[in-house]
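One structure below.
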Amino acid sequence: MPGYKGILFDMDGVLVDSEPLFHKAVNVMVERCGAAPITEEENNRHLLGTTVEETWVRVKELRGIPQTPAELLAGYNEVVKDVLRSDLVARPGVKALIAEAQRRGLPIAVASSSLREWVNLKLSVIGLSDAFPVKLGGDDIENGKPAPDIYIKAARLLGLEATECVAIEDSPIGLAAASGSGAYTVCTLTDSTRHLDLSAADVIIENLEHFDYGLLAEGG
């Protein structure tokens, strides 16, 4: 097995378990529009892993909300930021894996469907603002997940090809993006995603406490 030279992290469900918080924020906006809340099953099946723009396209399809995604985004942005500040912590094994990558001199990146502003906020809340030399959000690329673009771009900004990297994901949409880039895919489980089809992953683990450090190269 090759020693991979970099690690590409999804954010939501990998570094933090923020998916339930996004679901909560979506429903604040949906209820403001007078529509029925998005159920947990709908959220997990249709919204997990999507960009914010795609989230609202899908919500409109599910609930027939008349406002455009652009009209909803300003209010949603503020709701999300308030919710994320409330109680966000790093998932198990995250800080240990980052420390090990740093010890080995391996570059790491965040490749998230969230807005870059939200990525920076979440990293600040969990004390990892300075850990990642590359941080990409869904607004940093033209084609969001499940297109592989964000993983290809993140790897190249680290000076690598995606095929030289491990990508860590938690959702089917994210795994499609990571697999499509050619990266070796590790899937972590959350309550939101563990019952979905995650078979595209090369390996599935409960959380990053179970990450196999043997996948990683010893030097950059």
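FYI, nothing fancy with the structure tokens labels: chains A, B, ... in order, residues from 1 per chain, ligands from 1 as they appear.
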
| query | Could you name the residues that touch Ile98 of chain A at 9 Å or less, counting only C-alpha atoms, but leaving out those on the same chain fewer than 5 positions away, as a PyMOL selection string? | reply | chain A and resi 93+103+108+131

| query | Contacts of Glu100 of chain A at 10 Å or less, counting only C-alpha atoms, minus same-chain residues fewer than 4 places along, as a list of chain:residue names? | reply | A:Lys95, A:Ala96, A:Arg104, A:Gly105, A:Leu106, A:Tyr213, A:Leu216, A:Glu218

| segment 67-165 of chain A: which residues are strand (DSSP E or B) by DSSP, as a list in words? | Ala90, Ile108, Ala109, Val110, Ala111, Val134, Lys135, Leu136 and Cys165 of chain A

Pull C-alpha atoms from the residues just selected and write them as a CSV table (one decimal), in the first residue's frame.
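Output below, filename out_14.csv:
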```
chain,number,residue,atom,x,y,z
A,90,ALA,CA,-13.8,18.6,17.1
A,108,ILE,CA,-3.3,18.9,4.9
A,109,ALA,CA,-6.3,20.8,3.5
A,110,VAL,CA,-10.0,21.3,4.1
A,111,ALA,CA,-12.3,20.7,1.1
A,134,VAL,CA,-5.3,25.3,2.4
A,135,LYS,CA,-9.0,25.8,3.2
A,136,LEU,CA,-11.6,25.6,0.5
A,165,CYS,CA,-3.8,12.0,-1.1
```

| said: If we count only C-alpha atoms and set the cut-off at 9 Å, which residues sit around segment 174-181 of chain A, ignoring sequence neighbours fewer than 3 positions away in its own chain? Please answer as a VMD selection string. | reply: chain A and resid 8 10 48 to 50 112 to 113 144 to 152 161 to 163 166 to 171 184 to 187 198 to 202

| message | Quick check for you: according to DSSP on this backbone, which residues of segment 7-135 of chain A are classed as helix (DSSP H, G or I)? Reply as a PyMOL selection string. | response | chain A and resi 19-32+40-47+52-63+69-86+94-104+116-125

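Neighbours of segment 69-74 of chain A closer than or equal to 10 Å, with only C-alpha atoms counted and sequence neighbours fewer than 2 positions away skipped, come out as Met29, Val30, Cys33, Val52, Glu53, Glu54, Thr55, Trp56, Val57, Arg58, Val59, Lys60, Ile65, Pro66, Gln67, Tyr76, Asn77, Glu78 and Val79 of chain A.
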
| Spatial neighbours of Thr188 of chain A, 9 Å, only C-alpha atoms, chain gap at least 3 places, as a PyMOL selection string | chain A and resi 13-14+168-171+193-194+203-208

For N, CA and C atoms, I'd like the residues from the last selection saved as a PDB file, in the first residue's frame.
```
ATOM      1  N   GLY A  13     -19.197  16.585   9.526  1.00  0.00           N
ATOM      2  CA  GLY A  13     -19.269  15.146   9.699  1.00  0.00           C
ATOM      3  C   GLY A  13     -17.911  14.485   9.803  1.00  0.00           C
ATOM      4  N   VAL A  14     -16.848  15.224   9.478  1.00  0.00           N
ATOM      5  CA  VAL A  14     -15.489  14.694   9.560  1.00  0.00           C
ATOM      6  C   VAL A  14     -14.712  15.420  10.662  1.00  0.00           C
ATOM      7  N   ILE A 168     -10.942  12.328   3.319  1.00  0.00           N
ATOM      8  CA  ILE A 168     -11.793  11.818   4.390  1.00  0.00           C
ATOM      9  C   ILE A 168     -13.166  12.467   4.277  1.00  0.00           C
ATOM     10  N   GLU A 169     -14.194  11.633   4.139  1.00  0.00           N
ATOM     11  CA  GLU A 169     -15.558  12.087   3.893  1.00  0.00           C
ATOM     12  C   GLU A 169     -16.534  11.372   4.823  1.00  0.00           C
ATOM     13  N   ASP A 170     -17.812  11.782   4.739  1.00  0.00           N
ATOM     14  CA  ASP A 170     -18.826  11.104   5.547  1.00  0.00           C
ATOM     15  C   ASP A 170     -20.149  10.917   4.822  1.00  0.00           C
ATOM     16  N   SER A 171     -20.287  11.448   3.593  1.00  0.00           N
ATOM     17  CA  SER A 171     -21.578  11.377   2.916  1.00  0.00           C
ATOM     18  C   SER A 171     -21.425  10.807   1.517  1.00  0.00           C
ATOM     19  N   THR A 193     -25.316   9.960   8.810  1.00  0.00           N
ATOM     20  CA  THR A 193     -24.926   9.329   7.548  1.00  0.00           C
ATOM     21  C   THR A 193     -24.710   7.819   7.612  1.00  0.00           C
ATOM     22  N   ARG A 194     -24.660   7.246   8.795  1.00  0.00           N
ATOM     23  CA  ARG A 194     -24.249   5.839   8.892  1.00  0.00           C
ATOM     24  C   ARG A 194     -25.205   4.883   8.185  1.00  0.00           C
ATOM     25  N   VAL A 203     -12.451   2.586   2.572  1.00  0.00           N
ATOM     26  CA  VAL A 203     -12.550   2.014   3.913  1.00  0.00           C
ATOM     27  C   VAL A 203     -13.507   2.876   4.723  1.00  0.00           C
ATOM     28  N   ILE A 204     -14.253   2.235   5.627  1.00  0.00           N
ATOM     29  CA  ILE A 204     -15.201   2.928   6.499  1.00  0.00           C
ATOM     30  C   ILE A 204     -14.780   2.703   7.943  1.00  0.00           C
ATOM     31  N   ILE A 205     -14.705   3.801   8.706  1.00  0.00           N
ATOM     32  CA  ILE A 205     -14.327   3.719  10.119  1.00  0.00           C
ATOM     33  C   ILE A 205     -15.342   4.496  10.950  1.00  0.00           C
ATOM     34  N   GLU A 206     -15.411   4.194  12.234  1.00  0.00           N
ATOM     35  CA  GLU A 206     -16.381   4.872  13.100  1.00  0.00           C
ATOM     36  C   GLU A 206     -16.048   6.352  13.234  1.00  0.00           C
ATOM     37  N   ASN A 207     -14.801   6.650  13.521  1.00  0.00           N
ATOM     38  CA  ASN A 207     -14.326   8.033  13.601  1.00  0.00           C
ATOM     39  C   ASN A 207     -12.811   8.018  13.440  1.00  0.00           C
ATOM     40  N   LEU A 208     -12.181   9.185  13.509  1.00  0.00           N
ATOM     41  CA  LEU A 208     -10.757   9.262  13.190  1.00  0.00           C
ATOM     42  C   LEU A 208      -9.851   8.696  14.270  1.00  0.00           C
TER      43      LEU A 208
END
```

| said: Just checking: using only C-alpha atoms, which residue out of A:Leu47, A:Ala217, A:Ala154, A:Leu84 ends up closest to Tyr4 of chain A? | reply: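 Among the listed residues, the smallest separation from Tyr4 of chain A belongs to A:Ala217.
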
| Distance query His195 of chain A at most 10 Å, only C-alpha atoms, self and fewer than 6 positions along chain excluded, as a PyMOL selection string | chain A and resi 44-45+189

| message | To one decimal place in Å, what is the distance between atom CA of Leu123 of chain A and atom CA of Arg85 of chain A? | response |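 Atom CA of Arg85 of chain A lies at a distance of 10.8 Å from atom CA of Leu123 of chain A.
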
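The list of residues with at least one atom within 10 Å of Glu40 of chain A, based on only C-alpha atoms and without residues fewer than 3 positions apart in the same chain, reads Pro20, His23, Lys24, Pro37, Asn43, Asn44, Arg45, His46, Leu47 and Ser192 of chain A.
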
Take the selection from the previous step and output its residues with N, CA and C atoms, as a PDB file, in the first residue's frame.
```pdb
ATOM      1  N   PRO A  20     -26.294  18.070  12.120  1.00  0.00           N
ATOM      2  CA  PRO A  20     -27.573  18.362  12.798  1.00  0.00           C
ATOM      3  C   PRO A  20     -27.803  19.864  12.981  1.00  0.00           C
ATOM      4  N   HIS A  23     -29.088  21.233   9.714  1.00  0.00           N
ATOM      5  CA  HIS A  23     -30.498  20.837   9.593  1.00  0.00           C
ATOM      6  C   HIS A  23     -31.378  21.784  10.408  1.00  0.00           C
ATOM      7  N   LYS A  24     -30.939  22.083  11.611  1.00  0.00           N
ATOM      8  CA  LYS A  24     -31.673  23.016  12.470  1.00  0.00           C
ATOM      9  C   LYS A  24     -31.789  24.386  11.810  1.00  0.00           C
ATOM     10  N   PRO A  37     -41.319  21.744   8.236  1.00  0.00           N
ATOM     11  CA  PRO A  37     -39.897  21.467   8.431  1.00  0.00           C
ATOM     12  C   PRO A  37     -39.401  20.319   7.552  1.00  0.00           C
ATOM     13  N   ASN A  43     -33.411  15.419   5.036  1.00  0.00           N
ATOM     14  CA  ASN A  43     -32.122  16.094   5.176  1.00  0.00           C
ATOM     15  C   ASN A  43     -30.974  15.151   4.840  1.00  0.00           C
ATOM     16  N   ASN A  44     -31.016  13.954   5.410  1.00  0.00           N
ATOM     17  CA  ASN A  44     -29.923  13.002   5.212  1.00  0.00           C
ATOM     18  C   ASN A  44     -29.851  12.511   3.771  1.00  0.00           C
ATOM     19  N   ARG A  45     -30.994  12.344   3.140  1.00  0.00           N
ATOM     20  CA  ARG A  45     -31.021  11.795   1.782  1.00  0.00           C
ATOM     21  C   ARG A  45     -30.724  12.852   0.724  1.00  0.00           C
ATOM     22  N   HIS A  46     -31.208  14.070   0.929  1.00  0.00           N
ATOM     23  CA  HIS A  46     -31.172  15.059  -0.145  1.00  0.00           C
ATOM     24  C   HIS A  46     -30.194  16.223   0.073  1.00  0.00           C
ATOM     25  N   LEU A  47     -29.862  16.547   1.314  1.00  0.00           N
ATOM     26  CA  LEU A  47     -29.112  17.782   1.571  1.00  0.00           C
ATOM     27  C   LEU A  47     -27.681  17.579   2.039  1.00  0.00           C
ATOM     28  N   SER A 192     -26.033  10.963  11.296  1.00  0.00           N
ATOM     29  CA  SER A 192     -26.755  11.444  10.119  1.00  0.00           C
ATOM     30  C   SER A 192     -26.503  10.595   8.882  1.00  0.00           C
TER      31      SER A 192
END
```
